[in-house]
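Engineer: The file below is run-v7.cif, mmCIF, C-alpha atoms:
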data_model
#
loop_
_atom_site.group_PDB
_atom_site.id
_atom_site.type_symbol
_atom_site.label_atom_id
_atom_site.label_comp_id
_atom_site.auth_asym_id
_atom_site.auth_seq_id
_atom_site.Cartn_x
_atom_site.Cartn_y
_atom_site.Cartn_z
ATOM 1 C CA MET A 1 61.480 -42.376 -42.223
ATOM 2 C CA SER A 2 58.517 -42.615 -44.587
ATOM 3 C CA ALA A 3 58.799 -40.835 -47.918
ATOM 4 C CA GLU A 4 55.030 -40.343 -48.129
ATOM 5 C CA LEU A 5 52.427 -38.836 -45.843
ATOM 6 C CA GLU A 6 48.768 -39.825 -46.224
ATOM 7 C CA LEU A 7 46.298 -37.495 -44.508
ATOM 8 C CA PRO A 8 42.606 -38.375 -44.078
ATOM 9 C CA PHE A 9 39.800 -35.847 -44.394
ATOM 10 C CA ARG A 10 37.794 -35.794 -41.157
ATOM 11 C CA GLN A 11 34.319 -34.379 -40.715
ATOM 12 C CA ASP A 12 34.138 -31.427 -38.319
ATOM 13 C CA GLY A 13 30.788 -32.011 -36.649
ATOM 14 C CA GLN A 14 30.894 -28.809 -34.600
ATOM 15 C CA LEU A 15 31.489 -26.495 -37.557
ATOM 16 C CA THR A 16 28.918 -28.363 -39.638
ATOM 17 C CA GLU A 17 26.310 -27.914 -36.900
ATOM 18 C CA LEU A 18 27.087 -24.194 -36.524
ATOM 19 C CA MET A 19 26.662 -23.725 -40.268
ATOM 20 C CA ARG A 20 23.313 -25.547 -40.177
ATOM 21 C CA LEU A 21 22.131 -23.417 -37.250
ATOM 22 C CA ARG A 22 22.909 -20.309 -39.306
ATOM 23 C CA VAL A 23 20.627 -21.540 -42.105
ATOM 24 C CA GLN A 24 17.924 -22.470 -39.587
ATOM 25 C CA SER A 25 18.118 -19.059 -37.912
ATOM 26 C CA LEU A 26 17.693 -17.198 -41.210
ATOM 27 C CA HIS A 27 14.735 -19.394 -42.134
ATOM 28 C CA GLN A 28 12.978 -18.890 -38.795
ATOM 29 C CA ARG A 29 13.425 -15.107 -38.914
ATOM 30 C CA GLY A 30 12.595 -14.851 -42.596
ATOM 31 C CA ALA A 31 15.857 -12.970 -43.049
ATOM 32 C CA ALA A 32 18.153 -12.857 -46.056
ATOM 33 C CA ARG A 33 21.755 -13.981 -45.987
ATOM 34 C CA GLN A 34 24.543 -11.425 -45.973
ATOM 35 C CA ASP A 35 25.698 -10.229 -49.384
ATOM 36 C CA GLY A 36 28.287 -12.730 -50.644
ATOM 37 C CA GLU A 37 27.645 -15.189 -47.817
ATOM 38 C CA ARG A 38 27.925 -18.915 -48.573
ATOM 39 C CA LEU A 39 25.316 -20.959 -46.710
ATOM 40 C CA LEU A 40 25.728 -24.677 -46.110
ATOM 41 C CA LEU A 41 23.466 -26.756 -48.351
ATOM 42 C CA PRO A 42 21.508 -29.752 -46.969
ATOM 43 C CA ASN A 43 23.761 -32.215 -48.835
ATOM 44 C CA GLU A 44 27.016 -30.638 -47.583
ATOM 45 C CA ALA A 45 29.254 -31.060 -44.541
ATOM 46 C CA VAL A 46 32.426 -29.356 -43.295
ATOM 47 C CA TYR A 47 35.618 -31.426 -43.270
ATOM 48 C CA ARG A 48 39.129 -30.594 -42.142
ATOM 49 C CA LEU A 49 42.660 -31.647 -43.005
ATOM 50 C CA ASP A 50 45.378 -31.393 -40.334
ATOM 51 C CA PHE A 51 48.982 -31.054 -41.486
ATOM 52 C CA SER A 52 51.525 -32.791 -39.262
ATOM 53 C CA GLN A 53 54.223 -31.540 -41.640
ATOM 54 C CA GLN A 54 54.127 -28.460 -43.842
ATOM 55 C CA SER A 55 56.866 -28.986 -46.465
ATOM 56 C CA LEU A 56 54.876 -31.209 -48.793
ATOM 57 C CA GLY A 57 54.442 -31.990 -52.465
ATOM 58 C CA PHE A 58 51.182 -33.374 -53.825
ATOM 59 C CA SER A 59 51.260 -37.042 -54.840
ATOM 60 C CA ARG A 60 47.740 -38.484 -55.280
ATOM 61 C CA TRP A 61 44.137 -38.677 -54.142
ATOM 62 C CA THR A 62 42.626 -41.797 -52.595
ATOM 63 C CA VAL A 63 38.832 -41.740 -52.789
ATOM 64 C CA ALA A 64 36.643 -44.783 -52.157
ATOM 65 C CA LEU A 65 32.895 -44.719 -52.798
ATOM 66 C CA ALA A 66 31.110 -47.767 -51.404
ATOM 67 C CA GLU A 67 28.024 -46.967 -53.493
ATOM 68 C CA PRO A 68 27.485 -45.227 -56.836
ATOM 69 C CA GLY A 69 27.356 -41.468 -56.434
ATOM 70 C CA ARG A 70 29.220 -38.187 -56.789
ATOM 71 C CA LEU A 71 31.450 -36.350 -54.305
ATOM 72 C CA SER A 72 32.526 -32.728 -54.773
ATOM 73 C CA VAL A 73 35.300 -31.309 -52.568
ATOM 74 C CA THR A 74 35.730 -27.526 -52.283
ATOM 75 C CA ALA A 75 38.599 -25.977 -50.321
ATOM 76 C CA ILE A 76 38.161 -22.936 -48.095
ATOM 77 C CA SER A 77 41.071 -20.529 -48.418
ATOM 78 C CA GLN A 78 40.861 -19.000 -44.934
ATOM 79 C CA LEU A 79 40.249 -20.145 -41.391
ATOM 80 C CA TRP A 80 36.961 -18.859 -40.052
ATOM 81 C CA THR A 81 34.743 -19.247 -36.995
ATOM 82 C CA PRO A 82 31.042 -19.486 -37.939
ATOM 83 C CA ASP A 83 29.945 -18.086 -34.565
ATOM 84 C CA LEU A 84 31.872 -14.856 -35.288
ATOM 85 C CA THR A 85 32.195 -14.520 -39.066
ATOM 86 C CA HIS A 86 30.204 -15.956 -41.952
ATOM 87 C CA LEU A 87 31.672 -18.089 -44.706
ATOM 88 C CA MET A 88 31.918 -15.994 -47.869
ATOM 89 C CA THR A 89 31.849 -17.173 -51.471
ATOM 90 C CA ARG A 90 35.161 -15.405 -52.166
ATOM 91 C CA GLN A 91 36.829 -17.738 -49.651
ATOM 92 C CA LEU A 92 36.123 -20.822 -51.781
ATOM 93 C CA LEU A 93 38.989 -22.030 -53.959
ATOM 94 C CA GLU A 94 38.974 -23.391 -57.482
ATOM 95 C CA PRO A 95 39.168 -25.892 -59.013
ATOM 96 C CA VAL A 96 36.762 -28.188 -57.213
ATOM 97 C CA GLY A 97 37.677 -31.855 -56.844
ATOM 98 C CA VAL A 98 34.915 -34.008 -58.351
ATOM 99 C CA PHE A 99 34.885 -37.793 -57.873
ATOM 100 C CA TRP A 100 32.167 -40.183 -58.968
ATOM 101 C CA ARG A 101 31.300 -43.821 -59.394
ATOM 102 C CA ALA A 102 28.828 -44.807 -62.073
ATOM 103 C CA ALA A 103 25.775 -47.000 -61.587
ATOM 104 C CA GLY A 104 24.915 -49.519 -64.295
ATOM 105 C CA GLY A 105 26.461 -49.604 -67.738
ATOM 106 C CA GLY A 106 29.489 -51.482 -66.458
ATOM 107 C CA GLY A 107 29.554 -49.590 -63.156
ATOM 108 C CA GLY A 108 29.165 -52.608 -60.884
ATOM 109 C CA ASP A 109 30.599 -53.224 -57.445
ATOM 110 C CA ASP A 110 34.126 -53.159 -58.872
ATOM 111 C CA ALA A 111 33.645 -49.986 -60.916
ATOM 112 C CA PRO A 112 36.551 -47.574 -60.317
ATOM 113 C CA VAL A 113 36.104 -44.096 -58.899
ATOM 114 C CA GLN A 114 36.539 -41.557 -61.680
ATOM 115 C CA ARG A 115 37.663 -37.928 -61.546
ATOM 116 C CA TYR A 116 38.650 -34.982 -63.691
ATOM 117 C CA GLU A 117 42.368 -35.704 -63.565
ATOM 118 C CA ALA A 118 43.681 -32.239 -64.472
ATOM 119 C CA ASP A 119 41.443 -30.481 -61.938
ATOM 120 C CA ALA A 120 42.184 -33.051 -59.221
ATOM 121 C CA HIS A 121 45.937 -32.656 -59.732
ATOM 122 C CA GLU A 122 45.799 -28.850 -59.701
ATOM 123 C CA PHE A 123 43.578 -28.980 -56.619
ATOM 124 C CA GLY A 124 46.069 -31.223 -54.810
ATOM 125 C CA GLU A 125 48.957 -28.906 -55.666
ATOM 126 C CA ARG A 126 47.054 -25.896 -54.300
ATOM 127 C CA ILE A 127 46.462 -27.743 -51.028
ATOM 128 C CA ALA A 128 50.184 -28.577 -50.784
ATOM 129 C CA GLU A 129 51.042 -24.918 -51.394
ATOM 130 C CA LEU A 130 48.665 -23.698 -48.675
ATOM 131 C CA ALA A 131 50.000 -26.343 -46.275
ATOM 132 C CA LYS A 132 53.242 -24.339 -46.102
ATOM 133 C CA VAL A 133 51.469 -21.667 -44.046
ATOM 134 C CA ARG A 134 48.637 -23.654 -42.453
ATOM 135 C CA LYS A 135 48.318 -26.200 -39.694
ATOM 136 C CA ALA A 136 44.805 -27.069 -40.863
ATOM 137 C CA MET A 137 42.460 -26.462 -43.799
ATOM 138 C CA TYR A 138 38.693 -26.714 -44.098
ATOM 139 C CA PHE A 139 36.645 -28.125 -46.972
ATOM 140 C CA LEU A 140 33.040 -28.455 -48.069
ATOM 141 C CA PHE A 141 32.071 -32.001 -49.033
ATOM 142 C CA ALA A 142 28.953 -32.142 -51.234
ATOM 143 C CA TYR A 143 27.192 -35.493 -51.739
ATOM 144 C CA ALA A 144 24.997 -36.257 -54.740
ATOM 145 C CA ASP A 145 23.450 -39.090 -56.765
ATOM 146 C CA GLY A 146 23.253 -41.522 -53.844
ATOM 147 C CA CYS A 147 26.576 -40.623 -52.225
ATOM 148 C CA SER A 148 26.623 -40.009 -48.443
ATOM 149 C CA PRO A 149 29.158 -39.528 -45.611
ATOM 150 C CA GLN A 150 28.703 -43.184 -44.656
ATOM 151 C CA THR A 151 29.796 -44.397 -48.103
ATOM 152 C CA VAL A 152 32.825 -42.116 -48.587
ATOM 153 C CA ASP A 153 36.443 -42.571 -47.538
ATOM 154 C CA CYS A 154 38.729 -39.780 -48.740
ATOM 155 C CA SER A 155 42.406 -39.028 -48.147
ATOM 156 C CA ILE A 156 45.245 -37.216 -49.887
ATOM 157 C CA THR A 157 48.866 -38.373 -50.096
ATOM 158 C CA PHE A 158 51.878 -36.052 -50.195
ATOM 159 C CA THR A 159 55.589 -36.590 -50.643
ATOM 160 C CA ARG A 160 57.730 -35.140 -47.882
ATOM 161 C CA ILE A 161 60.180 -32.438 -48.952
ATOM 162 C CA PHE A 162 63.262 -32.513 -46.735
ATOM 163 C CA PRO A 163 65.668 -29.598 -46.131
ATOM 164 C CA ARG A 164 69.301 -29.336 -47.179
ATOM 165 C CA TRP A 165 71.816 -30.687 -44.677
ATOM 166 C CA THR A 166 75.495 -29.880 -44.234
ATOM 167 C CA GLY A 167 77.734 -32.543 -42.706
ATOM 168 C CA GLU A 168 81.343 -33.046 -41.704
ATOM 169 C CA THR A 169 82.369 -34.631 -45.010
ATOM 170 C CA GLY A 170 80.379 -32.419 -47.342
ATOM 171 C CA SER A 171 76.773 -31.514 -48.015
ATOM 172 C CA CYS A 172 73.743 -33.488 -49.025
ATOM 173 C CA CYS A 173 70.328 -32.591 -50.316
ATOM 174 C CA LEU A 174 67.236 -34.766 -50.141
ATOM 175 C CA ILE A 175 65.202 -34.227 -53.286
ATOM 176 C CA ARG A 176 61.481 -34.807 -53.481
ATOM 177 C CA LEU A 177 60.659 -38.421 -52.790
ATOM 178 C CA PRO A 178 59.404 -41.208 -53.320
ATOM 179 C CA SER A 179 62.503 -41.739 -55.457
ATOM 180 C CA CYS A 180 64.426 -42.025 -52.146
ATOM 181 C CA VAL A 181 67.593 -40.931 -53.941
ATOM 182 C CA MET A 182 69.802 -37.991 -53.098
ATOM 183 C CA THR A 183 73.270 -36.761 -54.010
ATOM 184 C CA VAL A 184 76.143 -36.521 -51.532
ATOM 185 C CA ALA A 185 78.986 -34.223 -52.563
ATOM 186 C CA ASN A 186 82.332 -34.646 -50.805
ATOM 187 C CA LYS A 187 86.047 -34.804 -51.559
ATOM 188 C CA GLU A 188 85.638 -38.052 -53.468
ATOM 189 C CA GLY A 189 83.058 -36.547 -55.792
ATOM 190 C CA GLU A 190 79.384 -37.391 -56.058
ATOM 191 C CA ARG A 191 77.804 -40.504 -54.621
ATOM 192 C CA ARG A 192 74.204 -41.621 -54.634
ATOM 193 C CA ALA A 193 72.382 -42.127 -51.342
ATOM 194 C CA ASP A 194 69.454 -44.504 -51.099
ATOM 195 C CA LEU A 195 67.286 -44.363 -47.973
ATOM 196 C CA ALA A 196 66.491 -48.059 -48.316
ATOM 197 C CA ALA A 197 70.162 -49.066 -48.364
ATOM 198 C CA GLN A 198 72.207 -50.334 -45.423
ATOM 199 C CA PRO A 199 75.420 -48.844 -43.917
ATOM 200 C CA PRO A 200 77.869 -47.234 -44.515
ATOM 201 C CA HIS A 201 76.189 -44.025 -43.406
ATOM 202 C CA PHE A 202 76.584 -40.329 -44.013
ATOM 203 C CA THR A 203 75.627 -38.092 -41.090
ATOM 204 C CA GLY A 204 74.545 -34.535 -41.766
ATOM 205 C CA ARG A 205 73.724 -31.833 -39.251
ATOM 206 C CA ARG A 206 71.532 -28.781 -39.391
ATOM 207 C CA ALA A 207 71.547 -26.500 -36.363
ATOM 208 C CA ASP A 208 70.177 -28.626 -33.502
ATOM 209 C CA GLU A 209 69.242 -31.694 -35.557
ATOM 210 C CA THR A 210 71.032 -34.750 -36.899
ATOM 211 C CA VAL A 211 69.962 -36.984 -39.741
ATOM 212 C CA THR A 212 71.564 -40.220 -40.907
ATOM 213 C CA VAL A 213 71.082 -41.608 -44.388
ATOM 214 C CA ALA A 214 72.586 -44.637 -46.078
ATOM 215 C CA VAL A 215 75.085 -44.071 -48.873
ATOM 216 C CA GLU A 216 75.263 -46.489 -51.769
ATOM 217 C CA GLU A 217 78.452 -46.329 -53.810
ATOM 218 C CA GLU A 218 78.050 -46.011 -57.556
ATOM 219 C CA PRO A 219 79.565 -49.033 -59.336
ATOM 220 C CA ARG A 220 82.941 -48.270 -60.861
ATOM 221 C CA VAL A 221 83.567 -48.885 -64.526
ATOM 222 C CA ARG A 222 86.635 -51.075 -65.015
#
Take the structure in this file and express it as structure tokens.
Structural biologist:
Amino acid sequence: MSAELELPFRQDGQLTELMRLRVQSLHQRGAARQDGERLLLPNEAVYRLDFSQQSLGFSRWTVALAEPGRLSVTAISQLWTPDLTHLMTRQLLEPVGVFWRAAGGGGGDDAPVQRYEADAHEFGERIAELAKVRKAMYFLFAYADGCSPQTVDCSITFTRIFPRWTGETGSCCLIRLPSCVMTVANKEGERRADLAAQPPHFTGRRADETVTVAVEEEPRVR
């Protein structure tokens, strides 16, 4: 069982095209956008994130830029269908994740991708919080300064948060990983369980499920 879950951002070509058709339609008719409506800019595309698990804690961003440039990632707070409802500015979340790679001045091929750390961390935590009630989320990716969809690879890594289990010999609780350590309370007192350890095992049950984790005895002081 992996302690971490890395999810890639994938471009949603259909939603991106529908958003572009909306802009094209307004332009052809010489019409104005709806009050508060957020139109897709030429340098933007719609991406989505699908959650295979919903009890998650934010761990880190992984953003690779093959060329110098700037990527801005904006989350959309609600699910929407562009053919029925328009995207509204109030649906965009803050903060925005901004990632860039400098050109020149020491920004060669090996230059690291930089970010506003505090904003990126808060942004990741907001995504993890919304994942509790969502199967998918949508985002606007904005490319600037030479950045493009072909030069960007972006994913986000979470730690899995496991539920509390009650077993025949006591109860155990998996805390947030990747520490891979939990506490098993039974008649003999507390013992530490390490998921990477080998048998003996402690088996816990919750309703219709069974989980087995390895228990590592604490060394005794003689």
Engineer: To test your reading of the syntax: which residues would the PyMOL selection byres ((chain A and resi 80) around 12) return for the file shown? Reply as a PyMOL selection string.
Structural biologist: chain A and resi 15+18-19+46+76-79+81-88+91-92+136-139
Engineer: What does the PyMOL selection byres ((chain A and resi 58-63) around 7) select in this file, as a PDB file with C-alpha atoms, in the frame of the given file?
Structural biologist:
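Final output, saved to out29.pdb:
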ATOM      1  CA  LEU A  56      54.876 -31.209 -48.793  1.00  0.00           C
ATOM      2  CA  GLY A  57      54.442 -31.990 -52.465  1.00  0.00           C
ATOM      3  CA  ALA A  64      36.643 -44.783 -52.157  1.00  0.00           C
ATOM      4  CA  LEU A  65      32.895 -44.719 -52.798  1.00  0.00           C
ATOM      5  CA  GLY A 124      46.069 -31.223 -54.810  1.00  0.00           C
ATOM      6  CA  GLU A 125      48.957 -28.906 -55.666  1.00  0.00           C
ATOM      7  CA  ALA A 128      50.184 -28.577 -50.784  1.00  0.00           C
ATOM      8  CA  ASP A 153      36.443 -42.571 -47.538  1.00  0.00           C
ATOM      9  CA  CYS A 154      38.729 -39.780 -48.740  1.00  0.00           C
ATOM     10  CA  SER A 155      42.406 -39.028 -48.147  1.00  0.00           C
ATOM     11  CA  ILE A 156      45.245 -37.216 -49.887  1.00  0.00           C
ATOM     12  CA  THR A 157      48.866 -38.373 -50.096  1.00  0.00           C
ATOM     13  CA  PHE A 158      51.878 -36.052 -50.195  1.00  0.00           C
ATOM     14  CA  THR A 159      55.589 -36.590 -50.643  1.00  0.00           C
TER      15      THR A 159
END
Engineer: Put a box with edges along x, y and z around all the listed atoms of range 37-53 of chain A, pad it by 4 Å on each side, then give me its centre and sizes in Å, one decimal, as JSON.
Structural biologist:
{"center_x": 37.9, "center_y": -24.0, "center_z": -44.0, "size_x": 40.7, "size_y": 25.6, "size_z": 17.6}
Engineer: One number please: CA of Leu140 in chain A to CA of Leu49 in chain A, in Å, one decimal.
Structural biologist: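 Atom-to-atom, CA of Leu140 in chain A to CA of Leu49 in chain A, that is 11.3 Å.
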Engineer: Please report the interatomic distance between CA of Val23 in chain A and CA of Phe123 in chain A in Å with one decimal.
Structural biologist: 28.2 Å
Engineer: Could you tell me how far CA of Asn43 in chain A lies from CA of Ala144 in chain A, in Å and to one decimal?
Structural biologist: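 Atom-to-atom, CA of Asn43 in chain A to CA of Ala144 in chain A, that is 7.3 Å.
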Engineer: Supply range 51-81 of chain A as a compact mmCIF listing (two decimals), in the frame of the given file, with N, CA and C atoms built in where the input has gaps.
Structural biologist:
# COMPACT_ATOMS: atom_id res chain seq x y z
N PHE A 51 47.65 -30.81 -40.94
CA PHE A 51 48.98 -31.05 -41.49
C PHE A 51 49.98 -31.27 -40.36
N SER A 52 50.49 -32.49 -40.25
CA SER A 52 51.52 -32.79 -39.26
C SER A 52 52.89 -32.33 -39.74
N GLN A 53 53.01 -32.08 -41.04
CA GLN A 53 54.22 -31.54 -41.64
C GLN A 53 53.79 -30.57 -42.72
N GLN A 54 54.58 -29.51 -42.94
CA GLN A 54 54.13 -28.46 -43.84
C GLN A 54 54.94 -28.34 -45.13
N SER A 55 56.09 -29.00 -45.22
CA SER A 55 56.87 -28.99 -46.46
C SER A 55 56.48 -30.23 -47.26
N LEU A 56 55.47 -30.07 -48.11
CA LEU A 56 54.88 -31.21 -48.79
C LEU A 56 54.73 -30.96 -50.29
N GLY A 57 54.74 -32.04 -51.04
CA GLY A 57 54.44 -31.99 -52.46
C GLY A 57 53.30 -32.95 -52.75
N PHE A 58 52.34 -32.53 -53.55
CA PHE A 58 51.18 -33.37 -53.82
C PHE A 58 51.59 -34.63 -54.58
N SER A 59 50.99 -35.77 -54.17
CA SER A 59 51.26 -37.04 -54.84
C SER A 59 50.00 -37.60 -55.49
N ARG A 60 48.94 -37.87 -54.70
CA ARG A 60 47.74 -38.48 -55.28
C ARG A 60 46.56 -38.39 -54.32
N TRP A 61 45.38 -38.57 -54.90
CA TRP A 61 44.14 -38.68 -54.14
C TRP A 61 43.80 -40.15 -53.95
N THR A 62 43.18 -40.47 -52.82
CA THR A 62 42.63 -41.80 -52.60
C THR A 62 41.18 -41.62 -52.16
N VAL A 63 40.26 -41.92 -53.06
CA VAL A 63 38.83 -41.74 -52.79
C VAL A 63 38.12 -43.06 -53.05
N ALA A 64 37.42 -43.55 -52.04
CA ALA A 64 36.64 -44.78 -52.16
C ALA A 64 35.17 -44.46 -51.95
N LEU A 65 34.34 -44.89 -52.89
CA LEU A 65 32.90 -44.72 -52.80
C LEU A 65 32.27 -46.11 -52.73
N ALA A 66 31.69 -46.43 -51.59
CA ALA A 66 31.11 -47.77 -51.40
C ALA A 66 29.88 -47.99 -52.27
N GLU A 67 29.21 -46.90 -52.65
CA GLU A 67 28.02 -46.97 -53.49
C GLU A 67 28.18 -45.99 -54.65
N PRO A 68 27.45 -46.21 -55.75
CA PRO A 68 27.48 -45.23 -56.84
C PRO A 68 27.06 -43.85 -56.34
N GLY A 69 27.69 -42.82 -56.85
CA GLY A 69 27.36 -41.47 -56.43
C GLY A 69 28.44 -40.50 -56.84
N ARG A 70 28.28 -39.25 -56.42
CA ARG A 70 29.22 -38.19 -56.79
C ARG A 70 29.61 -37.39 -55.55
N LEU A 71 30.91 -37.15 -55.41
CA LEU A 71 31.45 -36.35 -54.30
C LEU A 71 32.18 -35.14 -54.88
N SER A 72 31.83 -33.95 -54.38
CA SER A 72 32.53 -32.73 -54.77
C SER A 72 33.22 -32.15 -53.54
N VAL A 73 34.50 -31.83 -53.68
CA VAL A 73 35.30 -31.31 -52.57
C VAL A 73 35.75 -29.89 -52.92
N THR A 74 35.37 -28.93 -52.08
CA THR A 74 35.73 -27.53 -52.28
C THR A 74 36.57 -27.05 -51.11
N ALA A 75 37.72 -26.47 -51.38
CA ALA A 75 38.60 -25.98 -50.32
C ALA A 75 38.21 -24.56 -49.91
N ILE A 76 38.41 -24.27 -48.64
CA ILE A 76 38.16 -22.94 -48.10
C ILE A 76 39.52 -22.30 -47.84
N SER A 77 39.74 -21.13 -48.41
CA SER A 77 41.07 -20.53 -48.42
C SER A 77 41.49 -19.96 -47.07
N GLN A 78 40.53 -19.64 -46.20
CA GLN A 78 40.86 -19.00 -44.93
C GLN A 78 40.24 -19.76 -43.77
N LEU A 79 40.85 -19.61 -42.60
CA LEU A 79 40.25 -20.14 -41.39
C LEU A 79 39.16 -19.18 -40.94
N TRP A 80 38.05 -19.73 -40.50
CA TRP A 80 36.96 -18.86 -40.05
C TRP A 80 36.21 -19.54 -38.92
N THR A 81 35.54 -18.73 -38.11
CA THR A 81 34.74 -19.25 -36.99
C THR A 81 33.30 -18.85 -37.24
